[in-house]
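Below is final04.cif, holding mmCIF, C-alpha atoms and all ligand atoms.
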data_final
loop_
_atom_site.label_atom_id
_atom_site.label_comp_id
_atom_site.auth_asym_id
_atom_site.auth_seq_id
_atom_site.Cartn_x
_atom_site.Cartn_y
_atom_site.Cartn_z
CA MET A 1212 76.25 -14.27 -7.06
CA THR A 1213 75.58 -15.80 -10.44
CA TRP A 1214 73.21 -18.68 -11.09
CA TYR A 1215 72.80 -20.23 -14.54
CA PRO A 1216 69.19 -19.78 -15.69
CA SER A 1217 69.03 -23.24 -17.32
CA ALA A 1218 70.06 -25.17 -14.18
CA THR A 1219 68.00 -26.18 -11.16
CA LYS A 1220 69.35 -24.36 -8.12
CA ILE A 1221 70.25 -26.85 -5.35
CA GLU A 1222 72.29 -24.61 -3.09
CA LEU A 1223 74.98 -26.44 -1.14
CA GLN A 1224 75.49 -25.30 2.45
CA PRO A 1225 77.57 -24.44 4.35
CA GLU A 1226 79.91 -24.09 1.36
CA SER A 1227 77.75 -21.54 -0.50
CA GLY A 1228 77.83 -19.12 2.41
CA ALA A 1229 81.31 -19.93 3.67
CA GLN A 1230 83.64 -20.15 0.67
CA PRO A 1231 85.36 -17.08 -0.76
CA ALA A 1232 84.54 -15.30 -3.98
CA ILE A 1233 86.43 -16.11 -7.16
CA VAL A 1234 86.72 -14.50 -10.57
CA PRO A 1235 85.83 -17.48 -12.80
CA ASP A 1236 88.17 -17.85 -15.75
CA GLN A 1237 88.21 -21.63 -16.46
CA PHE A 1238 85.63 -24.36 -17.06
CA ILE A 1239 86.71 -27.88 -16.02
CA LEU A 1240 84.73 -31.06 -16.74
CA HIS A 1241 84.61 -34.16 -14.52
CA SER A 1242 83.00 -37.61 -14.47
CA VAL A 1243 81.60 -38.62 -11.09
CA THR A 1244 81.99 -42.44 -11.59
CA ALA A 1245 78.35 -43.11 -10.72
CA PRO A 1246 75.07 -42.88 -12.70
CA TRP A 1247 73.73 -40.11 -10.49
CA THR A 1248 71.16 -37.34 -10.91
CA PRO A 1249 72.05 -33.76 -9.90
CA ALA A 1250 70.23 -34.26 -6.58
CA GLN A 1251 72.24 -37.42 -5.87
CA ILE A 1252 75.48 -35.59 -6.68
CA GLU A 1253 74.49 -32.84 -4.22
CA GLN A 1254 73.74 -35.50 -1.58
CA TYR A 1255 77.20 -36.92 -2.09
CA TRP A 1256 78.84 -33.55 -1.39
CA THR A 1257 77.09 -33.43 1.98
CA GLN A 1258 78.52 -36.76 3.20
CA PRO A 1259 80.93 -36.53 6.16
CA GLY A 1260 84.50 -36.57 4.93
CA VAL A 1261 83.71 -35.32 1.42
CA VAL A 1262 85.56 -32.03 1.28
CA VAL A 1263 85.52 -31.11 -2.40
CA GLU A 1264 82.63 -30.14 -4.62
CA SER A 1265 81.82 -28.71 -8.06
CA HIS A 1266 79.50 -25.92 -9.14
CA PHE A 1267 77.35 -28.09 -11.40
CA GLY A 1268 76.09 -31.68 -11.59
CA LEU A 1269 74.81 -33.18 -14.86
CA GLY A 1270 72.58 -36.26 -15.10
CA TYR A 1271 72.55 -38.74 -17.97
CA ASN A 1272 69.33 -37.17 -19.29
CA GLY A 1273 70.86 -33.67 -19.53
CA ALA A 1274 69.28 -32.39 -16.29
CA LEU A 1275 71.62 -29.88 -14.70
CA GLY A 1276 71.82 -28.80 -11.06
CA GLN A 1277 73.83 -25.85 -9.73
CA PHE A 1278 75.17 -26.05 -6.17
CA LEU A 1279 77.24 -22.87 -5.86
CA SER A 1280 77.28 -19.48 -7.57
CA THR A 1281 79.85 -19.42 -10.37
CA GLN A 1282 81.50 -16.59 -8.44
CA THR A 1283 81.96 -18.71 -5.30
CA ARG A 1284 84.92 -21.06 -4.96
CA ALA A 1285 84.25 -24.78 -5.47
CA ASP A 1286 87.03 -26.96 -4.11
CA ALA A 1287 87.41 -29.41 -6.97
CA ASN A 1288 90.42 -28.82 -9.24
CA TYR A 1289 93.04 -28.38 -6.52
CA LEU A 1290 95.62 -25.62 -7.15
CA THR A 1291 93.74 -23.66 -9.77
CA ASN A 1292 91.44 -22.38 -7.04
CA ARG A 1293 94.39 -21.29 -4.95
CA ARG A 1294 95.82 -18.74 -7.37
CA ALA A 1295 97.16 -15.55 -5.87
CA ASN A 1296 95.03 -13.35 -8.16
CA GLY A 1297 91.76 -14.75 -6.75
CA HIS A 1298 90.77 -16.41 -10.00
CA GLY A 1299 89.26 -19.88 -10.05
CA ALA A 1300 87.58 -22.56 -12.13
CA VAL A 1301 83.93 -23.34 -12.71
CA SER A 1302 83.62 -27.11 -12.46
CA MET A 1303 81.00 -29.64 -13.47
CA GLU A 1304 80.53 -33.25 -12.38
CA SER A 1305 78.60 -35.53 -14.73
CA ALA A 1306 76.94 -38.90 -14.43
CA SER A 1307 79.07 -41.74 -15.81
CA ASN A 1308 79.52 -45.46 -15.37
CA HIS A 1309 81.60 -46.62 -12.40
CA GLY A 1310 84.79 -46.78 -14.43
CA ALA A 1311 84.22 -43.38 -16.11
CA THR A 1312 84.81 -45.15 -19.42
CA ASP A 1313 81.55 -44.32 -21.23
CA LEU A 1314 80.74 -41.48 -23.61
CA TRP A 1315 78.65 -38.52 -22.56
CA THR A 1316 75.08 -39.01 -23.83
CA ASP A 1317 73.76 -36.70 -26.54
CA ALA A 1318 71.68 -34.89 -23.92
CA GLN A 1319 74.79 -34.36 -21.77
CA VAL A 1320 76.81 -33.12 -24.75
CA GLN A 1321 74.15 -30.54 -25.62
CA ALA A 1322 73.93 -29.35 -22.00
CA ILE A 1323 77.72 -28.98 -21.69
CA ILE A 1324 77.92 -26.97 -24.92
CA LYS A 1325 75.11 -24.66 -23.83
CA LEU A 1326 76.70 -24.06 -20.43
CA GLY A 1327 80.11 -23.52 -22.04
CA VAL A 1328 78.64 -20.83 -24.30
CA TRP A 1329 76.92 -19.15 -21.36
CA LEU A 1330 80.16 -19.10 -19.35
CA HIS A 1331 81.94 -17.34 -22.20
CA GLN A 1332 79.15 -14.80 -22.60
CA THR A 1333 78.67 -14.21 -18.87
CA HIS A 1334 82.17 -14.40 -17.44
CA GLY A 1335 84.34 -13.87 -20.52
CA ILE A 1336 86.10 -17.25 -20.27
CA PRO A 1337 88.32 -17.18 -23.37
CA LEU A 1338 87.48 -19.61 -26.18
CA ARG A 1339 90.56 -21.80 -25.98
CA ILE A 1340 91.70 -24.96 -24.24
CA SER A 1341 93.84 -23.94 -21.26
CA ARG A 1342 97.51 -24.06 -22.34
CA THR A 1343 98.84 -24.31 -18.79
CA TRP A 1344 97.15 -25.13 -15.49
CA ASP A 1345 96.68 -21.46 -14.59
CA ASP A 1346 95.74 -20.27 -18.09
CA PRO A 1347 92.14 -19.05 -18.53
CA GLY A 1348 90.15 -21.35 -20.84
CA TYR A 1349 88.32 -24.69 -21.08
CA GLY A 1350 89.52 -28.15 -20.06
CA TYR A 1351 88.90 -31.43 -18.27
CA HIS A 1352 90.10 -32.62 -14.88
CA ARG A 1353 93.04 -34.82 -15.84
CA LEU A 1354 94.49 -32.25 -18.29
CA PHE A 1355 97.00 -30.95 -15.69
CA LYS A 1356 98.43 -32.51 -12.54
CA GLU A 1357 97.91 -29.16 -10.80
CA TRP A 1358 94.17 -29.74 -11.32
CA ASN A 1359 94.27 -33.45 -10.51
CA PRO A 1360 97.00 -34.43 -8.06
CA ASN A 1361 95.96 -38.10 -7.98
CA SER A 1362 96.24 -38.47 -11.76
CA HIS A 1363 92.96 -40.37 -11.70
CA SER A 1364 91.23 -40.93 -15.03
CA CYS A 1365 88.72 -38.13 -14.91
CA PRO A 1366 87.18 -38.11 -17.36
CA GLY A 1367 88.01 -41.30 -19.30
CA ASP A 1368 89.51 -41.43 -22.77
CA ALA A 1369 86.15 -41.58 -24.55
CA ARG A 1370 85.02 -38.30 -23.02
CA VAL A 1371 88.38 -36.59 -23.55
CA GLY A 1372 87.94 -37.43 -27.25
CA GLN A 1373 84.41 -36.01 -27.25
CA PHE A 1374 85.63 -32.85 -25.55
CA LYS A 1375 88.30 -32.26 -28.20
CA THR A 1376 86.35 -33.22 -31.32
CA VAL A 1377 82.74 -32.30 -30.52
CA ILE A 1378 82.16 -30.24 -27.39
CA PHE A 1379 84.89 -27.62 -27.45
CA PRO A 1380 84.57 -26.91 -31.22
CA ALA A 1381 80.80 -26.48 -30.77
CA ILE A 1382 81.29 -24.04 -27.90
CA VAL A 1383 83.62 -21.97 -30.09
CA ALA A 1384 81.22 -22.12 -33.05
CA GLN A 1385 78.21 -21.06 -30.98
CA ALA A 1386 79.90 -18.48 -28.75
CA GLY A 1387 82.33 -16.91 -31.17
CA PRO A 1388 81.72 -13.89 -33.39
CA LYS A 1389 79.15 -14.63 -36.07
CA PRO A 1390 79.00 -13.11 -39.55
CA PRO A 1391 76.01 -10.80 -40.05
CA ALA A 1392 72.86 -12.74 -40.89
CA THR A 1393 71.74 -12.37 -44.49
CA GLY A 1394 68.57 -13.27 -46.32
CA ALA A 1395 65.08 -14.01 -45.16
CA GLY A 1396 64.68 -15.93 -41.94
CA GLY A 1397 68.11 -15.07 -40.60
CA THR A 1398 68.19 -13.82 -37.06
CA PRO A 1399 70.23 -10.65 -36.77
CA ALA A 1400 73.53 -11.00 -34.93
CA PRO A 1401 73.66 -9.13 -31.61
CA THR A 1402 75.14 -5.71 -32.08
CA TYR A 1403 77.63 -4.30 -29.63
CA GLN A 1404 78.90 -0.81 -29.09
CA PRO A 1405 81.81 -0.23 -31.49
CA PHE A 1406 85.16 0.72 -29.94
CA PRO A 1407 85.15 4.52 -29.70
CA GLY A 1408 88.96 4.84 -29.88
CA ALA A 1409 91.48 4.96 -27.05
CA SER A 1410 91.52 8.76 -26.87
CA TRP A 1411 87.77 8.83 -26.21
CA PHE A 1412 88.32 7.45 -22.70
CA SER A 1413 89.19 10.66 -20.88
CA MET A 1414 88.47 10.98 -17.17
CA GLY A 1415 85.21 12.82 -16.53
CA ARG A 1416 83.64 12.05 -19.92
CA LYS A 1417 79.90 11.49 -19.52
CA SER A 1418 78.07 9.03 -21.82
CA LYS A 1419 75.58 6.16 -21.82
CA ILE A 1420 78.41 4.08 -23.26
CA VAL A 1421 80.21 4.43 -19.91
CA SER A 1422 77.15 3.05 -18.08
CA ALA A 1423 76.91 0.14 -20.51
CA MET A 1424 80.61 -0.62 -20.02
CA HIS A 1425 80.18 -0.48 -16.22
CA ASP A 1426 77.37 -3.07 -16.41
CA ARG A 1427 79.45 -5.46 -18.49
CA LEU A 1428 82.55 -5.14 -16.28
CA VAL A 1429 80.41 -6.10 -13.28
CA ALA A 1430 78.80 -8.98 -15.21
CA VAL A 1431 82.15 -10.52 -16.15
CA GLY A 1432 83.38 -10.45 -12.55
CA CYS A 1433 85.73 -7.45 -12.90
CA ASN A 1434 83.89 -5.18 -10.48
CA LYS A 1435 86.42 -2.81 -8.90
CA TYR A 1436 83.89 -0.04 -8.45
CA THR A 1437 83.43 1.48 -5.04
CA SER A 1438 80.12 3.14 -6.02
CA SER A 1439 77.51 3.14 -8.75
CA ALA A 1440 76.85 6.86 -8.44
CA ASN A 1441 77.79 8.81 -11.58
CA LYS A 1442 77.88 5.52 -13.44
CA ASP A 1443 77.78 7.36 -16.78
CA THR A 1444 80.97 9.33 -16.05
CA ILE A 1445 84.45 7.90 -16.51
CA GLY A 1446 86.29 7.67 -13.19
CA SER A 1447 88.81 5.67 -11.22
CA GLY A 1448 86.42 2.72 -10.82
CA ASP A 1449 86.19 2.37 -14.59
CA LYS A 1450 89.97 2.39 -14.88
CA ALA A 1451 90.46 -0.21 -12.12
CA SER A 1452 87.66 -2.46 -13.39
CA TYR A 1453 88.77 -2.27 -17.02
CA GLU A 1454 92.35 -3.10 -16.05
CA ALA A 1455 91.01 -6.15 -14.15
CA TRP A 1456 89.27 -7.16 -17.40
CA GLN A 1457 92.54 -6.77 -19.36
CA ARG A 1458 94.36 -8.99 -16.84
CA HIS A 1459 91.46 -11.45 -16.96
CA LEU A 1460 92.04 -11.79 -20.72
CA GLY A 1461 95.68 -12.61 -20.03
CA TYR A 1462 97.27 -9.26 -20.83
CA THR A 1463 100.24 -8.10 -18.77
CA GLY A 1464 102.38 -4.98 -18.51
CA SER A 1465 101.37 -1.97 -20.60
CA ALA A 1466 98.80 -4.07 -22.50
CA ALA A 1467 96.91 -4.43 -19.21
CA THR A 1468 96.61 -0.73 -18.45
CA TRP A 1469 94.07 1.97 -19.17
CA PRO A 1470 92.84 3.13 -21.66
CA PRO A 1471 90.86 0.30 -23.29
CA GLY A 1472 92.07 -1.19 -26.58
CA LYS A 1473 89.91 -2.44 -29.43
CA THR A 1474 90.54 -6.17 -28.92
CA SER A 1475 89.60 -6.23 -25.23
CA TRP A 1476 86.67 -3.87 -25.89
CA ASP A 1477 85.21 -6.12 -28.57
CA LYS A 1478 85.46 -9.12 -26.24
CA LEU A 1479 83.60 -7.28 -23.48
CA HIS A 1480 80.38 -7.17 -25.59
CA VAL A 1481 79.19 -3.76 -24.40
CA ALA A 1482 75.52 -3.30 -25.29
CA LYS A 1483 74.95 -0.87 -28.13
CA VAL A 1484 73.68 2.49 -26.94
CA VAL A 1485 70.86 3.85 -29.08
ZN ZN B 1501 87.42 -35.13 -11.54
#
Rewrite the coordinates I just gave you, this time as structure tokens.
Amino acid sequence: MTWYPSATKIELQPESGAQPAIVPDQFILHSVTAPWTPAQIEQYWTQPGVVVESHFGLGYNGALGQFLSTQTRADANYLTNRRANGHGAVSMESASNHGATDLWTDAQVQAIIKLGVWLHQTHGIPLRISRTWDDPGYGYHRLFKEWNPNSHSCPGDARVGQFKTVIFPAIVAQAGPKPPATGAGGTPAPTYQPFPGASWFSMGRKSKIVSAMHDRLVAVGCNKYTSSANKDTIGSGDKASYEAWQRHLGYTGSAATWPPGKTSWDKLHVAKVV
């Protein structure tokens, strides 16, 4: 269960307890066609006959509510939550005018960027706009008919333009790898454990790096462990979980098999062991 620290938790029942787990690998933006607060959006989901919902609701003033864990299925976005691999989309409704024709406010833009960065860092959603409806990445509801069977204008043209020119580039800039900080006043970039080389990953090897990797694989939703005992020792749970991470990044075939490679390792952001 994962709740975003910068949102107000307004847990939606019975959906939160009843809907299946997902591995989140997309972030899809919506406009709700009403000038609602997060609490009003949550009230709407509880109306009789309303059978879809999103994880987040965003008010005009940037206030954000979270209704479901990002690892629980939300039923907006149609087919992308019905994928055979159990992956799904994190979705967000946002206050808009009744025609969904207005721009997101500055406060909404900042909140969407911040959440987009957190989703990359927490769940490893890749920093790209989804290329197909089942491709991990970022997008908006009307981008694919498999997400939006009614072809309704969600969001409107103004917000699609903002997504492409402002919001998505800012998410990439703030979440992507940063050059090392230099000079006075610079904050040091986070340091991650360097890739130890494919041959390092032999079954039975014991190291704090293995524990750190285990923690990250769980955090990004690739938990295939059956136990946390001997967490510092490479075993079958590490292999299964790491291969889930490789598939999550879009690798297939031999590129999605143990041992780890440098590219997928660097994206996992394993904490540096000192
Ligand atoms: Zn929508």
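Here atom CA of Gly1268 of chain A is placed at a distance of 4.8 Å from atom CA of Glu1304 of chain A.
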_Set the distance at 12 Å and use only C-alpha atoms: which residues neighbour Leu1279 of chain A once local chain neighbours fewer than 6 positions away are removed? I'd like the list as an MDAnalysis selection string._
chainID A and resid 1212:1215 1218:1233 1253 1256 1264:1268 1285:1286 1301:1303
*Selected residue of minimal separation from Lys1417 of chain A among A:Leu1479, A:Ile1323, A:Val1262, A:Ile1445, counting only C-alpha atoms*: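 For Lys1417 of chain A, the nearest of the candidates is A:Ile1445.
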*Distance filter 12 Å around ligand ZN 1501 (chain B), atoms: all atoms listed in the file, out as a VMD selection string*: chain A and resid 1239 to 1244 1263 to 1265 1268 1286 to 1289 1302 to 1307 1311 1350 to 1356 1358 to 1367
*May I ask which of the residues A:Asp1443, A:Asp1368, A:Asp1236, A:Asp1426 is the closest one to Leu1330 of chain A, counting only C-alpha atoms?*
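Between A:Asp1443, A:Asp1368, A:Asp1236, A:Asp1426, the residue approaching Leu1330 of chain A most closely is A:Asp1236.
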Taking every listed atom of segment 1447-1466 of chain A and adding 5 Å to each side, what centre and edge lengths in Å (one decimal) does the axis-aligned box have, as AutoDock Vina command-line options?
--center_x 94.3 --center_y -3.5 --center_z -16.7 --size_x 26.2 --size_y 28.3 --size_z 21.7
*Pick from A:Ser1475, A:Thr1291, A:Gln1258, A:Ser1452: nearest to Gly1432 of chain A, with all atoms listed in the file counted?*
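Distance minimum relative to Gly1432 of chain A lands on A:Ser1452.
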May I have the residues within 8 Å of Ser1341 of chain A as an mmCIF file with C-alpha atoms, in the coordinates of the input, using only C-alpha atoms and disregarding those fewer than 5 positions away in the same chain?
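Ended up saving to result.cif:
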data_model
loop_
_atom_site.group_PDB
_atom_site.id
_atom_site.type_symbol
_atom_site.label_atom_id
_atom_site.label_comp_id
_atom_site.auth_asym_id
_atom_site.auth_seq_id
_atom_site.Cartn_x
_atom_site.Cartn_y
_atom_site.Cartn_z
ATOM 1 C CA GLN A 1237 88.210 -21.630 -16.460
ATOM 2 C CA ASP A 1346 95.740 -20.270 -18.090
ATOM 3 C CA PRO A 1347 92.140 -19.050 -18.530
ATOM 4 C CA GLY A 1348 90.150 -21.350 -20.840
ATOM 5 C CA TYR A 1349 88.320 -24.690 -21.080
ATOM 6 C CA GLY A 1350 89.520 -28.150 -20.060
#
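Atom to atom, atom CA of Ser1413 of chain A and atom CA of Gly1461 of chain A stand 24.2 Å apart.
What separates atom CA of Trp1469 of chain A from atom CA of Asp1449 of chain A is a distance of 9.1 Å.
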*Long-range neighbours of Tyr1436 of chain A as a PyMOL selection string, 8 Å cut-off, only C-alpha atoms, 2 positions minimum in chain*: chain A and resi 1434+1438-1439+1448-1449+1451-1452
*With only C-alpha atoms as the basis for distance, which of A:Ile1336, A:Val1383, A:Leu1326, A:Leu1314 is at the shortest distance from Arg1370 of chain A?*
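Among A:Ile1336, A:Val1383, A:Leu1326, A:Leu1314, it is A:Leu1314 that comes nearest to Arg1370 of chain A.
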*asked:* Taking all atoms listed in the file into account, name the residue in A:Gly1472, A:Gly1270, A:Pro1407, A:Gly1327 that is nearest to Ala1381 of chain A.
replied: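 Smallest distance to Ala1381 of chain A is found for A:Gly1327.
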*Pick out the residues sitting within 7 Å of Ile1378 of chain A, and hand them over as a list in words; count all atoms listed in the file, and ignore anything fewer than 5 positions along from it in its own chain.*
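Near Ile1378 of chain A, the qualifying residues are Val1320, Ile1324 and Gln1373 of chain A.
The shortest atom-to-atom distance to Gly1273 of chain A, with all atoms listed in the file taken into account, belongs to A:Gln1321 out of A:Thr1402, A:Gln1321, A:Asn1296, A:Ser1410.
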Because some atoms of segment 1348-1382 of chain A are absent here, can you restore N, CA and C atoms and send them as an mmCIF file, keeping the file's coordinate frame?
data_model
loop_
_atom_site.group_PDB
_atom_site.id
_atom_site.type_symbol
_atom_site.label_atom_id
_atom_site.label_comp_id
_atom_site.auth_asym_id
_atom_site.auth_seq_id
_atom_site.Cartn_x
_atom_site.Cartn_y
_atom_site.Cartn_z
ATOM 1 N N GLY A 1348 90.639 -20.592 -19.688
ATOM 2 C CA GLY A 1348 90.150 -21.350 -20.840
ATOM 3 C C GLY A 1348 89.319 -22.540 -20.382
ATOM 4 N N TYR A 1349 89.162 -23.512 -21.286
ATOM 5 C CA TYR A 1349 88.320 -24.690 -21.080
ATOM 6 C C TYR A 1349 89.198 -25.937 -20.949
ATOM 7 N N GLY A 1350 88.726 -26.928 -20.186
ATOM 8 C CA GLY A 1350 89.520 -28.150 -20.060
ATOM 9 C C GLY A 1350 88.766 -29.238 -19.328
ATOM 10 N N TYR A 1351 89.463 -30.296 -18.998
ATOM 11 C CA TYR A 1351 88.900 -31.430 -18.270
ATOM 12 C C TYR A 1351 89.884 -31.807 -17.169
ATOM 13 N N HIS A 1352 89.375 -32.503 -16.138
ATOM 14 C CA HIS A 1352 90.100 -32.620 -14.880
ATOM 15 C C HIS A 1352 91.524 -33.155 -15.021
ATOM 16 N N ARG A 1353 91.717 -34.197 -15.823
ATOM 17 C CA ARG A 1353 93.040 -34.820 -15.840
ATOM 18 C C ARG A 1353 94.033 -34.109 -16.775
ATOM 19 N N LEU A 1354 93.625 -32.962 -17.342
ATOM 20 C CA LEU A 1354 94.490 -32.250 -18.290
ATOM 21 C C LEU A 1354 95.815 -31.821 -17.641
ATOM 22 N N PHE A 1355 95.787 -31.406 -16.374
ATOM 23 C CA PHE A 1355 97.000 -30.950 -15.690
ATOM 24 C C PHE A 1355 97.087 -31.572 -14.299
ATOM 25 N N LYS A 1356 98.277 -31.926 -13.882
ATOM 26 C CA LYS A 1356 98.430 -32.510 -12.540
ATOM 27 C C LYS A 1356 98.119 -31.486 -11.456
ATOM 28 N N GLU A 1357 98.258 -30.193 -11.791
ATOM 29 C CA GLU A 1357 97.910 -29.160 -10.800
ATOM 30 C C GLU A 1357 96.395 -29.085 -10.591
ATOM 31 N N TRP A 1358 95.623 -29.666 -11.507
ATOM 32 C CA TRP A 1358 94.170 -29.740 -11.320
ATOM 33 C C TRP A 1358 93.781 -31.059 -10.664
ATOM 34 N N ASN A 1359 94.634 -32.059 -10.816
ATOM 35 C CA ASN A 1359 94.270 -33.450 -10.510
ATOM 36 C C ASN A 1359 95.483 -34.159 -9.926
ATOM 37 N N PRO A 1360 95.759 -33.931 -8.639
ATOM 38 C CA PRO A 1360 97.000 -34.430 -8.060
ATOM 39 C C PRO A 1360 97.083 -35.957 -8.037
ATOM 40 N N ASN A 1361 95.934 -36.630 -8.065
ATOM 41 C CA ASN A 1361 95.960 -38.100 -7.980
ATOM 42 C C ASN A 1361 96.101 -38.762 -9.334
ATOM 43 N N SER A 1362 96.135 -37.948 -10.400
ATOM 44 C CA SER A 1362 96.240 -38.470 -11.760
ATOM 45 C C SER A 1362 95.163 -39.512 -12.047
ATOM 46 N N HIS A 1363 94.019 -39.396 -11.411
ATOM 47 C CA HIS A 1363 92.960 -40.370 -11.700
ATOM 48 C C HIS A 1363 92.335 -40.044 -13.056
ATOM 49 N N SER A 1364 91.703 -41.045 -13.647
ATOM 50 C CA SER A 1364 91.230 -40.930 -15.030
ATOM 51 C C SER A 1364 89.900 -40.210 -15.084
ATOM 52 N N CYS A 1365 89.953 -38.931 -14.921
ATOM 53 C CA CYS A 1365 88.720 -38.130 -14.910
ATOM 54 C C CYS A 1365 88.848 -37.022 -15.919
ATOM 55 N N PRO A 1366 88.045 -37.005 -16.936
ATOM 56 C CA PRO A 1366 87.180 -38.110 -17.360
ATOM 57 C C PRO A 1366 87.983 -39.149 -18.133
ATOM 58 N N GLY A 1367 87.322 -40.241 -18.556
ATOM 59 C CA GLY A 1367 88.010 -41.300 -19.300
ATOM 60 C C GLY A 1367 88.326 -40.881 -20.729
ATOM 61 N N ASP A 1368 89.048 -41.747 -21.419
ATOM 62 C CA ASP A 1368 89.510 -41.430 -22.770
ATOM 63 C C ASP A 1368 88.368 -41.102 -23.729
ATOM 64 N N ALA A 1369 87.249 -41.811 -23.611
ATOM 65 C CA ALA A 1369 86.150 -41.580 -24.550
ATOM 66 C C ALA A 1369 85.647 -40.144 -24.447
ATOM 67 N N ARG A 1370 85.537 -39.657 -23.213
ATOM 68 C CA ARG A 1370 85.020 -38.300 -23.020
ATOM 69 C C ARG A 1370 86.073 -37.239 -23.358
ATOM 70 N N VAL A 1371 87.329 -37.535 -23.142
ATOM 71 C CA VAL A 1371 88.380 -36.590 -23.550
ATOM 72 C C VAL A 1371 88.307 -36.405 -25.075
ATOM 73 N N GLY A 1372 88.083 -37.519 -25.791
ATOM 74 C CA GLY A 1372 87.940 -37.430 -27.250
ATOM 75 C C GLY A 1372 86.737 -36.602 -27.646
ATOM 76 N N GLN A 1373 85.617 -36.809 -26.959
ATOM 77 C CA GLN A 1373 84.410 -36.010 -27.250
ATOM 78 C C GLN A 1373 84.647 -34.528 -26.977
ATOM 79 N N PHE A 1374 85.347 -34.246 -25.882
ATOM 80 C CA PHE A 1374 85.630 -32.850 -25.550
ATOM 81 C C PHE A 1374 86.395 -32.183 -26.691
ATOM 82 N N LYS A 1375 87.419 -32.877 -27.189
ATOM 83 C CA LYS A 1375 88.300 -32.260 -28.200
ATOM 84 C C LYS A 1375 87.634 -32.166 -29.571
ATOM 85 N N THR A 1376 86.849 -33.186 -29.938
ATOM 86 C CA THR A 1376 86.350 -33.220 -31.320
ATOM 87 C C THR A 1376 84.929 -32.690 -31.468
ATOM 88 N N VAL A 1377 84.144 -32.697 -30.413
ATOM 89 C CA VAL A 1377 82.740 -32.300 -30.520
ATOM 90 C C VAL A 1377 82.428 -31.088 -29.642
ATOM 91 N N ILE A 1378 82.678 -31.232 -28.341
ATOM 92 C CA ILE A 1378 82.160 -30.240 -27.390
ATOM 93 C C ILE A 1378 82.875 -28.902 -27.515
ATOM 94 N N PHE A 1379 84.203 -28.913 -27.417
ATOM 95 C CA PHE A 1379 84.890 -27.620 -27.450
ATOM 96 C C PHE A 1379 84.702 -26.908 -28.800
ATOM 97 N N PRO A 1380 84.836 -27.614 -29.945
ATOM 98 C CA PRO A 1380 84.570 -26.910 -31.220
ATOM 99 C C PRO A 1380 83.163 -26.321 -31.296
ATOM 100 N N ALA A 1381 82.176 -27.014 -30.723
ATOM 101 C CA ALA A 1381 80.800 -26.480 -30.770
ATOM 102 C C ALA A 1381 80.664 -25.245 -29.894
ATOM 103 N N ILE A 1382 81.335 -25.235 -28.749
ATOM 104 C CA ILE A 1382 81.290 -24.040 -27.900
ATOM 105 C C ILE A 1382 81.865 -22.844 -28.662
#
